[in-house]
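Source file: model_3.txt; contents: compact mmCIF, C-alpha atoms.
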```
# COMPACT_ATOMS: atom_id res chain seq x y z
CA MET G 1 -100.52 48.03 65.23
CA PRO G 2 -103.55 49.82 66.71
CA GLN G 3 -105.93 47.50 68.56
CA GLY G 4 -108.84 48.80 66.46
CA TYR G 5 -107.58 47.03 63.33
CA GLY G 6 -109.41 43.89 64.40
CA ARG G 7 -112.71 45.78 64.52
CA LEU G 8 -111.97 47.35 61.14
CA ALA G 9 -111.25 43.96 59.58
CA ALA G 10 -114.44 42.49 61.02
CA LEU G 11 -116.49 45.39 59.66
CA ALA G 12 -114.96 45.00 56.22
CA GLY G 13 -115.86 41.32 56.30
CA GLU G 14 -119.47 42.13 57.13
CA CYS G 15 -119.68 44.54 54.18
CA ARG G 16 -117.85 42.32 51.69
CA ASP G 17 -120.91 40.79 50.00
CA MET G 18 -122.57 44.19 49.73
CA VAL G 19 -119.53 45.65 47.98
CA LYS G 20 -119.17 42.61 45.72
CA ALA G 21 -122.79 42.96 44.63
CA ARG G 22 -122.25 46.64 43.83
CA PHE G 23 -119.07 46.22 41.75
CA SER G 24 -118.69 43.51 39.14
CA GLN G 25 -114.98 44.12 38.47
CA ILE G 26 -112.32 43.16 41.01
CA ASN G 27 -110.34 46.33 40.28
CA ASP G 28 -113.38 48.48 41.09
CA ARG G 29 -113.79 46.63 44.38
CA ARG G 30 -110.10 47.15 45.16
CA TYR G 31 -110.34 50.88 44.43
CA PHE G 32 -113.38 51.15 46.67
CA TRP G 33 -111.75 49.40 49.60
CA GLU G 34 -108.54 51.38 49.25
CA LYS G 35 -110.57 54.58 49.36
CA VAL G 36 -112.61 53.47 52.37
CA LEU G 37 -109.77 51.99 54.38
CA ALA G 38 -107.71 55.18 54.04
CA GLY G 39 -110.59 57.51 54.92
CA PRO G 40 -113.08 58.46 57.63
CA ALA G 41 -114.62 54.98 57.83
CA ALA G 42 -111.33 53.52 58.97
CA GLU G 43 -110.80 56.32 61.49
CA LYS G 44 -114.26 55.78 62.97
CA ALA G 45 -113.73 52.03 63.27
CA LEU G 46 -110.35 52.48 64.91
CA MET G 47 -111.94 54.81 67.47
CA GLY G 48 -114.67 52.25 68.20
CA ASP G 49 -117.52 53.94 66.33
CA LEU G 50 -118.50 50.89 64.28
CA GLN G 51 -122.02 52.15 63.51
CA GLY G 52 -120.64 55.42 62.19
CA ALA G 53 -118.04 53.55 60.14
CA ARG G 54 -120.68 51.26 58.66
CA SER G 55 -122.92 54.21 57.78
CA PHE G 56 -120.03 55.90 56.01
CA ILE G 57 -119.25 52.74 54.01
CA GLU G 58 -122.89 52.41 52.95
CA GLN G 59 -123.08 56.07 51.97
CA THR G 60 -119.83 55.89 49.99
CA LEU G 61 -121.03 52.72 48.28
CA GLU G 62 -124.26 54.38 47.24
CA ASN G 63 -122.50 57.42 45.78
CA THR G 64 -119.66 55.62 44.00
CA SER G 65 -120.01 54.50 40.38
CA GLU G 66 -118.04 51.74 38.72
CA GLN G 67 -114.62 52.80 37.51
CA LYS G 68 -114.67 53.65 33.81
CA THR G 69 -111.35 55.38 33.19
CA GLY G 70 -108.18 54.68 35.04
CA GLU G 71 -105.27 56.95 35.79
CA VAL G 72 -101.59 57.17 34.91
CA TYR G 73 -98.87 57.86 37.47
CA LEU G 74 -95.70 59.25 35.91
CA VAL G 75 -93.18 58.58 38.67
CA GLY G 76 -89.48 59.32 38.95
CA GLY G 77 -87.66 56.35 40.45
CA GLY G 78 -84.48 58.29 41.17
CA PRO G 79 -80.92 57.28 40.29
CA GLY G 80 -80.98 53.82 41.87
CA ASP G 81 -80.97 53.88 45.68
CA PRO G 82 -84.55 53.02 46.78
CA ASP G 83 -84.11 55.10 49.93
CA LEU G 84 -84.16 58.19 47.70
CA LEU G 85 -87.79 57.63 46.61
CA THR G 86 -90.41 60.10 47.76
CA PHE G 87 -93.26 58.94 49.98
CA LYS G 88 -95.76 59.75 47.23
CA ALA G 89 -93.80 57.72 44.68
CA LEU G 90 -93.79 54.70 46.97
CA ARG G 91 -97.52 54.99 47.68
CA LEU G 92 -98.42 55.10 43.99
CA MET G 93 -95.95 52.31 43.15
CA GLN G 94 -97.76 50.05 45.61
CA GLN G 95 -101.28 50.66 44.31
CA ALA G 96 -100.79 50.49 40.53
CA ASP G 97 -102.35 47.65 38.52
CA VAL G 98 -99.80 47.83 35.69
CA VAL G 99 -96.15 48.93 35.77
CA LEU G 100 -94.38 50.18 32.64
CA HIS G 101 -90.73 50.48 33.59
CA ASP G 102 -87.55 51.71 31.95
CA ARG G 103 -84.13 50.11 31.71
CA LEU G 104 -82.65 52.66 34.12
CA VAL G 105 -84.99 51.74 36.98
CA SER G 106 -82.91 49.77 39.46
CA GLU G 107 -84.00 46.30 40.56
CA ASP G 108 -84.20 47.49 44.17
CA VAL G 109 -86.63 50.24 43.21
CA LEU G 110 -88.72 47.96 40.99
CA ALA G 111 -89.02 45.46 43.84
CA LEU G 112 -91.04 48.02 45.82
CA CYS G 113 -93.91 48.04 43.31
CA ARG G 114 -97.06 46.07 44.00
CA ARG G 115 -96.19 42.41 43.66
CA ASP G 116 -99.35 41.28 41.89
CA ALA G 117 -99.25 44.07 39.30
CA ASP G 118 -98.60 43.34 35.64
CA TYR G 119 -95.08 44.38 34.60
CA ILE G 120 -94.27 45.60 31.09
CA TYR G 121 -90.67 46.39 30.16
CA VAL G 122 -90.41 49.38 27.82
CA GLY G 123 -86.72 50.16 28.27
CA LYS G 124 -84.46 51.76 25.72
CA LYS G 125 -80.81 51.37 24.86
CA ARG G 126 -78.99 53.52 22.37
CA ASP G 127 -80.47 52.63 18.94
CA ARG G 128 -82.31 49.66 20.50
CA HIS G 129 -85.79 50.30 21.87
CA ALA G 130 -88.00 47.58 23.32
CA ARG G 131 -90.97 49.72 22.23
CA PRO G 132 -90.96 52.96 20.23
CA GLN G 133 -92.00 56.04 22.21
CA GLU G 134 -95.20 56.42 20.17
CA GLU G 135 -96.18 52.86 21.09
CA ILE G 136 -95.53 53.54 24.78
CA ASN G 137 -97.75 56.62 24.61
CA ALA G 138 -100.55 54.63 23.00
CA LEU G 139 -100.20 51.81 25.53
CA LEU G 140 -100.60 54.21 28.44
CA VAL G 141 -103.84 55.48 26.92
CA GLU G 142 -105.11 51.99 26.16
CA LEU G 143 -104.47 50.64 29.66
CA ALA G 144 -106.00 53.69 31.35
CA LYS G 145 -109.14 53.42 29.20
CA GLU G 146 -109.48 49.85 30.44
CA GLY G 147 -109.91 51.35 33.90
CA LYS G 148 -106.46 50.44 35.18
CA ARG G 149 -104.13 52.48 37.33
CA VAL G 150 -100.93 52.61 35.33
CA LEU G 151 -97.52 53.33 36.79
CA ARG G 152 -95.05 54.78 34.30
CA LEU G 153 -91.85 54.29 36.27
CA LYS G 154 -88.75 56.08 35.04
CA GLY G 155 -85.20 56.29 36.29
CA GLY G 156 -84.23 59.69 37.66
CA ASP G 157 -86.79 62.43 37.06
CA PRO G 158 -89.48 62.16 34.33
CA PHE G 159 -88.97 65.74 33.17
CA ILE G 160 -85.18 65.73 32.88
CA PHE G 161 -84.26 63.82 29.71
CA GLY G 162 -87.05 61.37 30.58
CA ARG G 163 -89.51 62.20 27.77
CA GLY G 164 -92.21 62.58 30.38
CA GLY G 165 -93.55 65.70 28.69
CA GLU G 166 -94.25 63.76 25.50
CA GLU G 167 -96.18 61.10 27.39
CA ILE G 168 -98.44 63.44 29.33
CA GLU G 169 -99.12 65.47 26.18
CA THR G 170 -100.70 62.31 24.77
CA LEU G 171 -102.60 61.62 27.98
CA ALA G 172 -103.93 65.17 28.14
CA SER G 173 -105.10 65.05 24.52
CA GLU G 174 -107.00 61.83 25.27
CA GLY G 175 -108.55 63.12 28.49
CA ILE G 176 -106.73 60.60 30.68
CA PRO G 177 -106.22 61.65 34.32
CA PHE G 178 -102.57 61.62 35.36
CA GLN G 179 -100.22 62.60 38.15
CA VAL G 180 -96.52 63.44 37.92
CA VAL G 181 -94.19 62.62 40.81
CA PRO G 182 -90.68 64.07 40.45
CA GLY G 183 -87.68 61.98 41.33
CA ILE G 184 -84.11 62.81 42.26
CA THR G 185 -82.39 63.28 38.93
CA ALA G 186 -79.13 61.47 38.22
CA ALA G 187 -77.09 64.67 38.31
CA SER G 188 -78.10 65.47 41.87
CA GLY G 189 -78.05 61.92 43.21
CA CYS G 190 -74.84 60.71 41.60
CA ALA G 191 -72.93 63.90 42.34
CA SER G 192 -73.97 63.78 45.99
CA TYR G 193 -72.97 60.14 46.41
CA ALA G 194 -69.65 60.83 44.70
CA GLY G 195 -68.88 63.77 46.98
CA ILE G 196 -68.95 66.28 44.11
CA PRO G 197 -71.04 69.39 44.82
CA LEU G 198 -72.43 70.68 41.55
CA THR G 199 -72.10 74.27 42.76
CA HIS G 200 -69.58 75.70 45.20
CA ARG G 201 -68.69 79.27 46.11
CA ASP G 202 -65.03 78.76 45.20
CA HIS G 203 -65.55 76.64 42.08
CA ALA G 204 -68.87 76.94 40.24
CA GLN G 205 -71.68 79.48 40.31
CA SER G 206 -73.90 77.70 37.81
CA VAL G 207 -74.58 74.21 36.50
CA ARG G 208 -75.77 73.01 33.09
CA PHE G 209 -77.43 69.67 32.30
CA VAL G 210 -76.61 68.43 28.79
CA THR G 211 -77.73 65.37 26.85
CA GLY G 212 -74.83 63.24 25.65
CA HIS G 213 -76.48 62.72 22.27
CA LEU G 214 -79.26 64.47 20.40
CA LYS G 215 -82.41 62.98 18.92
CA ASP G 216 -80.74 62.41 15.56
CA GLY G 217 -77.60 60.92 17.15
CA SER G 218 -75.47 63.98 16.43
CA TYR G 219 -73.34 66.09 18.76
CA ALA G 220 -74.41 69.46 17.37
CA LEU G 221 -74.44 71.13 20.79
CA ASN G 222 -73.69 74.76 21.50
CA TRP G 223 -70.17 74.11 22.74
CA ASN G 224 -69.33 77.82 22.94
CA GLU G 225 -71.76 78.15 25.85
CA MET G 226 -69.88 75.48 27.83
CA LEU G 227 -66.53 77.18 28.18
CA ASP G 228 -67.03 79.16 31.41
CA PRO G 229 -64.73 77.64 34.09
CA GLY G 230 -67.24 78.78 36.72
CA GLN G 231 -69.93 76.51 35.26
CA THR G 232 -70.26 72.81 36.03
CA LEU G 233 -71.32 70.63 33.10
CA VAL G 234 -73.27 67.42 33.61
CA PHE G 235 -73.66 65.09 30.64
CA TYR G 236 -76.40 62.48 30.65
CA MET G 237 -76.09 59.40 28.40
CA GLY G 238 -72.57 60.36 27.38
CA LEU G 239 -70.57 57.15 27.82
CA LEU G 240 -70.25 56.24 24.14
CA GLY G 241 -69.67 59.86 23.18
CA LEU G 242 -67.13 60.63 25.89
CA PRO G 243 -64.12 60.90 23.52
CA ARG G 244 -66.08 63.25 21.25
CA ILE G 245 -67.35 65.31 24.19
CA CYS G 246 -63.85 65.82 25.60
CA GLN G 247 -62.41 66.68 22.19
CA GLU G 248 -65.18 69.15 21.33
CA LEU G 249 -64.77 70.96 24.65
CA MET G 250 -61.00 71.25 24.15
CA ASP G 251 -61.36 72.25 20.49
CA HIS G 252 -63.72 75.05 21.47
CA GLY G 253 -61.43 76.38 24.17
CA ARG G 254 -62.01 74.51 27.43
CA ALA G 255 -58.64 73.82 29.07
CA ALA G 256 -57.28 70.30 28.57
CA GLN G 257 -56.55 70.15 32.34
CA THR G 258 -60.20 70.72 33.23
CA PRO G 259 -61.18 68.06 35.82
CA ILE G 260 -63.75 65.48 34.80
CA ALA G 261 -65.47 62.59 36.57
CA LEU G 262 -67.34 59.61 35.20
CA ILE G 263 -69.74 57.96 37.65
CA GLN G 264 -71.02 54.48 36.92
CA GLN G 265 -74.22 53.20 38.55
CA GLY G 266 -74.27 56.11 40.96
CA THR G 267 -76.04 55.80 44.35
CA THR G 268 -76.04 51.99 44.13
CA ARG G 269 -73.78 49.43 45.82
CA ASN G 270 -72.03 49.04 42.45
CA GLN G 271 -71.06 52.71 42.19
CA ARG G 272 -67.67 53.43 40.67
CA VAL G 273 -66.06 56.84 40.23
CA PHE G 274 -63.29 57.62 37.75
CA THR G 275 -61.59 61.03 37.75
CA GLY G 276 -59.08 62.67 35.43
CA THR G 277 -58.96 65.59 33.01
CA LEU G 278 -60.44 66.20 29.59
CA ALA G 279 -57.09 65.11 28.15
CA THR G 280 -56.67 61.94 30.25
CA ILE G 281 -60.06 60.50 31.22
CA ASN G 282 -60.48 58.31 28.14
CA LYS G 283 -57.12 56.62 28.70
CA ILE G 284 -57.97 56.10 32.37
CA ILE G 285 -61.16 54.18 31.66
CA GLU G 286 -60.23 52.41 28.42
CA SER G 287 -59.16 49.24 30.26
CA GLU G 288 -62.18 49.27 32.56
CA LYS G 289 -65.45 47.55 31.69
CA VAL G 290 -67.59 50.61 32.16
CA LYS G 291 -71.28 50.11 31.49
CA ALA G 292 -74.32 52.35 31.54
CA PRO G 293 -75.86 54.01 33.38
CA THR G 294 -73.13 56.59 33.72
CA LEU G 295 -72.98 60.31 34.39
CA ILE G 296 -70.21 62.72 33.40
CA ILE G 297 -69.33 65.81 35.44
CA VAL G 298 -66.95 68.46 34.07
CA GLY G 299 -65.53 71.31 36.12
CA SER G 300 -63.27 72.20 39.00
CA VAL G 301 -65.81 70.90 41.53
CA VAL G 302 -64.54 67.43 40.61
CA THR G 303 -61.35 68.19 42.57
CA LEU G 304 -63.42 68.08 45.78
CA HIS G 305 -64.20 64.41 45.23
CA GLU G 306 -61.04 63.13 46.92
CA MET G 307 -61.79 65.02 50.12
CA LEU G 308 -65.59 64.74 50.19
CA SER G 309 -66.16 61.20 48.90
CA TRP G 310 -68.17 59.32 51.51
CA TYR G 311 -70.11 56.54 49.79
CA ASN G 312 -68.61 53.21 48.72
CA ASN G 313 -65.17 54.74 49.13
CA GLU G 314 -63.36 51.43 48.79
CA LYS G 315 -64.42 51.33 45.13
CA LEU G 316 -62.87 54.71 44.42
CA LEU G 317 -60.63 54.76 41.37
CA GLU G 318 -58.59 57.84 40.61
CA GLN G 319 -55.91 59.01 38.27
```
Write-out of the structure in structure tokens:
Amino acid sequence: MPQGYGRLAALAGECRDMVKARFSQINDRRYFWEKVLAGPAAEKALMGDLQGARSFIEQTLENTSEQKTGEVYLVGGGPGDPDLLTFKALRLMQQADVVLHDRLVSEDVLALCRRDADYIYVGKKRDRHARPQEEINALLVELAKEGKRVLRLKGGDPFIFGRGGEEIETLASEGIPFQVVPGITAASGCASYAGIPLTHRDHAQSVRFVTGHLKDGSYALNWNEMLDPGQTLVFYMGLLGLPRICQELMDHGRAAQTPIALIQQGTTRNQRVFTGTLATINKIIESEKVKAPTLIIVGSVVTLHEMLSWYNNEKLLEQ
């Protein structure tokens, strides 16, 4: 640690009563100190210019009003491995006052949020929601209007089957400041950790992300657009619908011998990979206790898994 941190701490102690008198709310004082200690005042103190640092603190204090409206951080937590978080995601996770987190956020990622924040679980399972989406939207607005910095932490990426667009539409309509931090989506993270490139010169020239079930619970997808053998298909939330997905693809003309992989808890220490074909995959996993989150990859790129698998290889299960 730089030697100047002692001087910075002493200066902050000298200014503590002045800041406390200026801001009545503890959150406002926290915001002020976070702004000061990450800005020019800190740099001046670390370089030994204590008078300049103090002048900057006093000037900032004079020009800063009490916090009236907070902010919402819509952050992608990635597919599970905390090492895949972005620096910006981690910074916002550690400064939020309230954390609204989904079921798909891994425990390791959640553990990196600020410890004294308030945690609210708003996860969803198929047909079982802890809170309806409309209630989540309203809660984000309510908490921000209380002046809090709200972290909306989602698994994967907020804008890929994460309903992030719906949430920021509500925030924008209410005039709530927000930031969006993308995360590594499950398709990219899980495929990489399973050794399955989603595109490959010899196998696939395009990739399509597909939801495993629609809003109304149906499977009314455009199956005719999924028949190209040079296109990799990635199904999110498709575990329960896997038999139907395989059957629909075969019924519409995709070859029964098309390779398919099911990845459970990808990028985590509990990752498991099952491979087979559209005709055999359901039989392969029927005796296994497969649980969400899972990801399904369809296409000839799956054949590369045996050669390219590098992560958690001892857990590999194949046909």
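Atom pair atom CA of Pro82 of chain G / atom CA of Phe209 of chain G: separated by 23.2 Å.
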What residues have an atom no more than 12 Å from (-73.2, 77.6, 42.3) in the file's own frame, counting all atoms listed in the file, and can you write them as a JSON list (two decimals) with C-alpha atoms, in the coordinates of the input?
```json
[["chain", "number", "residue", "atom", "x", "y", "z"],
["G", 197, "PRO", "CA", -71.04, 69.39, 44.82],
["G", 198, "LEU", "CA", -72.43, 70.68, 41.55],
["G", 199, "THR", "CA", -72.10, 74.27, 42.76],
["G", 200, "HIS", "CA", -69.58, 75.70, 45.20],
["G", 201, "ARG", "CA", -68.69, 79.27, 46.11],
["G", 202, "ASP", "CA", -65.03, 78.76, 45.20],
["G", 203, "HIS", "CA", -65.55, 76.64, 42.08],
["G", 204, "ALA", "CA", -68.87, 76.94, 40.24],
["G", 205, "GLN", "CA", -71.68, 79.48, 40.31],
["G", 206, "SER", "CA", -73.90, 77.70, 37.81],
["G", 207, "VAL", "CA", -74.58, 74.21, 36.50],
["G", 208, "ARG", "CA", -75.77, 73.01, 33.09],
["G", 229, "PRO", "CA", -64.73, 77.64, 34.09],
["G", 230, "GLY", "CA", -67.24, 78.78, 36.72],
["G", 231, "GLN", "CA", -69.93, 76.51, 35.26],
["G", 232, "THR", "CA", -70.26, 72.81, 36.03],
["G", 233, "LEU", "CA", -71.32, 70.63, 33.10],
["G", 299, "GLY", "CA", -65.53, 71.31, 36.12],
["G", 300, "SER", "CA", -63.27, 72.20, 39.00],
["G", 301, "VAL", "CA", -65.81, 70.90, 41.53]]
```
Write out as a PyMOL selection string each polymer residue whose atoms come within 7 Å of segment 250-267 of chain G, counting all atoms listed in the file; drop sequence neighbours fewer than 3 positions from it.
chain G and resi 79-81+189-190+193+223-224+227+246-247+270-279+291-300+302-303
Name the residues in contact with segment 41-52 of chain G at a cut-off of 8 Å, using all atoms listed in the file, excluding same-chain residues fewer than 6 positions from it; report them as a PyMOL selection string.
chain G and resi 2-5+7-8+11
Expected answer as a PyMOL selection string: all residues with atoms within 7 Å of (-101.8, 48.8, 40.4), all atoms listed in the file
chain G and resi 94-98+114+117+149-150
Which one is closest to Glu306 of chain G: G:Thr64, G:Gly195, G:Leu104, G:Ala21? Count only C-alpha atoms.
G:Gly195
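The interatomic distance for the pair atom CA of Thr86 of chain G and atom CA of Gln179 of chain G works out to 14.0 Å.
Remark: for Ile245 of chain G, the closest of the candidate residues G:Pro132, G:Pro182, G:Glu225, G:His213 is G:His213 (distances computed over all atoms listed in the file).
If you measure from each of G:Val210, G:Leu221, G:Leu110, G:Ala144 to Leu90 of chain G using only C-alpha atoms, the closest one turns out to be G:Leu110.
Pairwise distance (atom CA of Ala38 of chain G, atom CA of Pro177 of chain G) equals 20.8 Å.
For the set G:Leu151, G:Ala186, G:Ala172, G:Leu112, the residue with the smallest atom-to-atom gap to Asp83 of chain G is G:Leu112, counting all atoms listed in the file.
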Atoms are missing here; could segment 248-259 of chain G be completed with all heavy atoms and written as a compact mmCIF listing (two decimals), keeping the file's coordinate frame?
```
# COMPACT_ATOMS: atom_id res chain seq x y z
N GLU G 248 -64.44 67.94 21.71
CA GLU G 248 -65.18 69.15 21.33
C GLU G 248 -64.96 70.27 22.34
O GLU G 248 -64.78 71.43 21.96
CB GLU G 248 -66.67 68.83 21.20
CG GLU G 248 -67.04 67.94 20.02
CD GLU G 248 -67.04 68.70 18.70
OE1 GLU G 248 -66.77 69.93 18.70
OE2 GLU G 248 -67.33 68.08 17.66
N LEU G 249 -64.98 69.93 23.62
CA LEU G 249 -64.77 70.96 24.65
C LEU G 249 -63.38 71.57 24.52
O LEU G 249 -63.21 72.79 24.60
CB LEU G 249 -64.96 70.35 26.04
CG LEU G 249 -66.41 70.04 26.44
CD1 LEU G 249 -66.45 69.27 27.75
CD2 LEU G 249 -67.23 71.33 26.56
N MET G 250 -62.37 70.73 24.30
CA MET G 250 -61.00 71.25 24.15
C MET G 250 -60.86 72.04 22.85
O MET G 250 -60.23 73.10 22.83
CB MET G 250 -60.00 70.10 24.21
CG MET G 250 -59.85 69.49 25.60
SD MET G 250 -58.52 68.25 25.73
CE MET G 250 -59.20 66.91 24.74
N ASP G 251 -61.45 71.54 21.77
CA ASP G 251 -61.36 72.25 20.49
C ASP G 251 -62.00 73.64 20.55
O ASP G 251 -61.55 74.56 19.86
CB ASP G 251 -62.03 71.43 19.38
CG ASP G 251 -61.21 70.21 18.99
OD1 ASP G 251 -60.04 70.11 19.41
OD2 ASP G 251 -61.77 69.34 18.27
N HIS G 252 -63.03 73.76 21.38
CA HIS G 252 -63.72 75.05 21.47
C HIS G 252 -63.14 75.95 22.55
O HIS G 252 -63.64 77.06 22.74
CB HIS G 252 -65.22 74.82 21.71
CG HIS G 252 -65.96 74.38 20.48
ND1 HIS G 252 -65.96 73.07 20.04
CD2 HIS G 252 -66.71 75.10 19.59
CE1 HIS G 252 -66.69 73.00 18.94
NE2 HIS G 252 -67.15 74.20 18.65
N GLY G 253 -62.12 75.48 23.25
CA GLY G 253 -61.43 76.38 24.17
C GLY G 253 -61.43 76.01 25.63
O GLY G 253 -60.81 76.73 26.44
N ARG G 254 -62.09 74.92 26.02
CA ARG G 254 -62.01 74.51 27.43
C ARG G 254 -60.64 73.90 27.67
O ARG G 254 -60.14 73.09 26.88
CB ARG G 254 -63.12 73.50 27.75
CG ARG G 254 -63.44 73.35 29.25
CD ARG G 254 -64.45 74.36 29.71
NE ARG G 254 -64.60 74.38 31.17
CZ ARG G 254 -65.72 74.11 31.82
NH1 ARG G 254 -66.80 73.82 31.16
NH2 ARG G 254 -65.76 74.18 33.13
N ALA G 255 -60.00 74.25 28.79
CA ALA G 255 -58.64 73.82 29.07
C ALA G 255 -58.54 72.31 29.14
O ALA G 255 -59.41 71.64 29.71
CB ALA G 255 -58.16 74.43 30.38
N ALA G 256 -57.48 71.75 28.56
CA ALA G 256 -57.28 70.30 28.57
C ALA G 256 -57.15 69.75 29.98
O ALA G 256 -57.46 68.58 30.23
CB ALA G 256 -56.03 69.94 27.76
N GLN G 257 -56.71 70.59 30.95
CA GLN G 257 -56.55 70.15 32.34
C GLN G 257 -57.83 70.30 33.17
O GLN G 257 -57.80 70.09 34.39
CB GLN G 257 -55.41 70.93 32.99
CG GLN G 257 -54.05 70.66 32.38
CD GLN G 257 -53.72 69.17 32.36
OE1 GLN G 257 -53.82 68.48 33.38
NE2 GLN G 257 -53.36 68.65 31.18
N THR G 258 -58.93 70.61 32.51
CA THR G 258 -60.20 70.72 33.23
C THR G 258 -60.56 69.38 33.86
O THR G 258 -60.59 68.36 33.18
CB THR G 258 -61.33 71.14 32.28
OG1 THR G 258 -61.01 72.41 31.70
CG2 THR G 258 -62.66 71.24 33.03
N PRO G 259 -60.83 69.32 35.16
CA PRO G 259 -61.18 68.06 35.82
C PRO G 259 -62.49 67.48 35.29
O PRO G 259 -63.42 68.22 34.94
CB PRO G 259 -61.30 68.45 37.29
CG PRO G 259 -60.51 69.71 37.43
CD PRO G 259 -60.72 70.43 36.13
```
